[in-house]
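Only one structure is covered here, and it is reproduced in the block below.
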Amino acid sequence: HGSNAIGGLVNIVDDSISESLQGISLSGKSVLRFDSATKEKTAATQLRVENNRDVFFGSAFNIDTDDYTIPGFGKSKYKLLSEQASIDKASDKKLFNSASLTSGATVGYSHVYSSGFIGASINAYNSLYGVPGEGGVDDEPGVDIDLSQMQLTLRGEHRSKTSYYNAIRYHLSYGDYQHQELEGSEVATEFASQGIDSRIEVSHSGSKSHRGTF
């Protein structure tokens, strides 16, 4: 968990800063996906380049989904009647305002040497998605969330064979997050947050029976 992550969650598996060499000068992968329930259209690509001890990384993705297809109404007829809404105008077979458009990109670099590595990366993430449950009948607009995030990261490790310590690991990241809650074309609420996370770890082995980390 962390303040620089989307929804408070941090993905600890991150290839943007390589910690070791793979011995492959050029590698990558791409994905195309289609979903019939949401009409999802996904495209993603990733590229990794090794040049001696320097590693370059890049990735990008785009996900576009329509409203979910469902076997009935998104609201019960009792809910519609309580809202004095017309059942005839309610969205049938579709969950109104469940569509989304999400994209992101990451660029990273690392230098790997015999006793460690040091690298940096920049990540951008944008998402526009609807909040199901409100609107959709009698021309009532729904609520949408327009979200964006940018994160800069510096990370490295230096290993040692001395009797004082085994490794020093360090991590520094800056995150800029904001989202707007939209009611139609109007901004109802807005939230913004900037934060810095930093960490230094020193692993030591004072003796064969005692090991620890500061």
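Labeling convention for the structure tokens: chains A, B, ... as they appear, residues from 1 per chain, ligands from 1 in order of appearance.
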
When you look at range 106-112 of chain A with a cut-off of 7 Å (counting only C-alpha atoms), what residues show up, excluding the ones that are within fewer than 5 positions of it in the same chain? I need them as number ranges by chain. A: 16-21, 53-60, 117-124

Contacts of Gln149 in chain A at 7 Å (only C-alpha atoms; same-chain gap of 4+ positions) as JSON, numbers by chain: {"A": [124, 125, 126, 176, 177, 178]}

Generate the output file for the selected residues, N, CA and C atoms, as a compact mmCIF listing (two decimals), in the first residue's frame.
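Output file result-v7.txt is given in full below:
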# COMPACT_ATOMS: atom_id res chain seq x y z
N ALA A 124 2.88 7.04 -16.60
CA ALA A 124 1.68 7.87 -16.73
C ALA A 124 0.46 6.97 -16.88
N TYR A 125 -0.63 7.32 -16.22
CA TYR A 125 -1.85 6.51 -16.22
C TYR A 125 -3.05 7.45 -16.28
N ASN A 126 -3.99 7.17 -17.20
CA ASN A 126 -5.20 7.97 -17.35
C ASN A 126 -6.41 7.05 -17.51
N ASP A 176 2.02 12.09 -8.47
CA ASP A 176 1.07 13.18 -8.65
C ASP A 176 -0.24 12.56 -9.13
N TYR A 177 -1.26 12.61 -8.29
CA TYR A 177 -2.54 11.95 -8.58
C TYR A 177 -3.67 12.98 -8.50
N GLN A 178 -4.63 12.88 -9.42
CA GLN A 178 -5.82 13.73 -9.33
C GLN A 178 -6.98 13.06 -10.06

Ser27 in chain A surroundings by only C-alpha atoms, 10 Å radius, close-in-sequence under 6 positions cut, as a PyMOL selection string: chain A and resi 46-50+57

When you look at Ala43 in chain A with a cut-off of 9 Å (counting only C-alpha atoms), what residues show up, excluding the ones that are within fewer than 3 positions of it in the same chain? I need them as a VMD selection string. chain A and resid 30 to 33 60 to 63

Could you please take those selected residues and save N, CA, C and O atoms as a PDB file, in the first residue's frame?
ATOM      1  N   SER A  30       3.391  -8.210 -27.379  1.00  0.00           N
ATOM      2  CA  SER A  30       2.220  -7.391 -27.669  1.00  0.00           C
ATOM      3  C   SER A  30       0.960  -8.217 -27.454  1.00  0.00           C
ATOM      4  O   SER A  30       0.978  -9.447 -27.610  1.00  0.00           O
ATOM      5  N   VAL A  31      -0.131  -7.534 -27.103  1.00  0.00           N
ATOM      6  CA  VAL A  31      -1.396  -8.206 -26.818  1.00  0.00           C
ATOM      7  C   VAL A  31      -2.528  -7.433 -27.486  1.00  0.00           C
ATOM      8  O   VAL A  31      -2.592  -6.205 -27.396  1.00  0.00           O
ATOM      9  N   LEU A  32      -3.403  -8.157 -28.168  1.00  0.00           N
ATOM     10  CA  LEU A  32      -4.661  -7.619 -28.679  1.00  0.00           C
ATOM     11  C   LEU A  32      -5.791  -8.472 -28.114  1.00  0.00           C
ATOM     12  O   LEU A  32      -5.727  -9.702 -28.180  1.00  0.00           O
ATOM     13  N   ARG A  33      -6.831  -7.840 -27.575  1.00  0.00           N
ATOM     14  CA  ARG A  33      -7.894  -8.615 -26.934  1.00  0.00           C
ATOM     15  C   ARG A  33      -9.244  -7.963 -27.213  1.00  0.00           C
ATOM     16  O   ARG A  33      -9.374  -6.744 -27.258  1.00  0.00           O
ATOM     17  N   ALA A  60       3.244   0.404 -23.263  1.00  0.00           N
ATOM     18  CA  ALA A  60       2.060   1.247 -23.415  1.00  0.00           C
ATOM     19  C   ALA A  60       0.837   0.356 -23.586  1.00  0.00           C
ATOM     20  O   ALA A  60       0.947  -0.780 -24.074  1.00  0.00           O
ATOM     21  N   PHE A  61      -0.327   0.851 -23.168  1.00  0.00           N
ATOM     22  CA  PHE A  61      -1.560   0.083 -23.330  1.00  0.00           C
ATOM     23  C   PHE A  61      -2.740   1.026 -23.479  1.00  0.00           C
ATOM     24  O   PHE A  61      -2.689   2.187 -23.069  1.00  0.00           O
ATOM     25  N   ASN A  62      -3.806   0.497 -24.069  1.00  0.00           N
ATOM     26  CA  ASN A  62      -5.068   1.232 -24.207  1.00  0.00           C
ATOM     27  C   ASN A  62      -6.220   0.231 -24.090  1.00  0.00           C
ATOM     28  O   ASN A  62      -6.215  -0.810 -24.761  1.00  0.00           O
ATOM     29  N   ILE A  63      -7.183   0.527 -23.224  1.00  0.00           N
ATOM     30  CA  ILE A  63      -8.338  -0.348 -23.000  1.00  0.00           C
ATOM     31  C   ILE A  63      -9.611   0.474 -23.165  1.00  0.00           C
ATOM     32  O   ILE A  63      -9.806   1.468 -22.457  1.00  0.00           O
TER      33      ILE A  63
END

Of the residues A:Ser173, A:Thr102, A:Ser36, A:Thr189, which is the one nearest to Arg155 in chain A, using only C-alpha atoms? A:Ser173

For a test of reading the model, state the distance in Å between CA of Ser160 in chain A and CA of Arg199 in chain A, rounded to one decimal.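 The value is 18.9 Å.
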
Just want the 12 Å neighbourhood of Glu201 in chain A, counted on only C-alpha atoms, with same-chain residues fewer than 4 positions away dropped. Output as number ranges by chain. A: 155-159, 165-171, 212-214

CA of Asp66 in chain A to CA of Glu190 in chain A, distance in Å rounded to a single decimal: 24.8 Å

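Ranking A:Phe191, A:Phe34, A:Tyr174, A:Phe96 by their shortest atom-to-atom distance to Met150 in chain A, with only C-alpha atoms included, puts A:Tyr174 first.
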
I'd like the contact shell of Pro132 in chain A - 7 Å cut-off, only C-alpha atoms, skipping same-chain residues fewer than 4 positions apart - returned as a list in words.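 Answer for this query is Leu95, Phe96, Asn97 and Ser98 of chain A.
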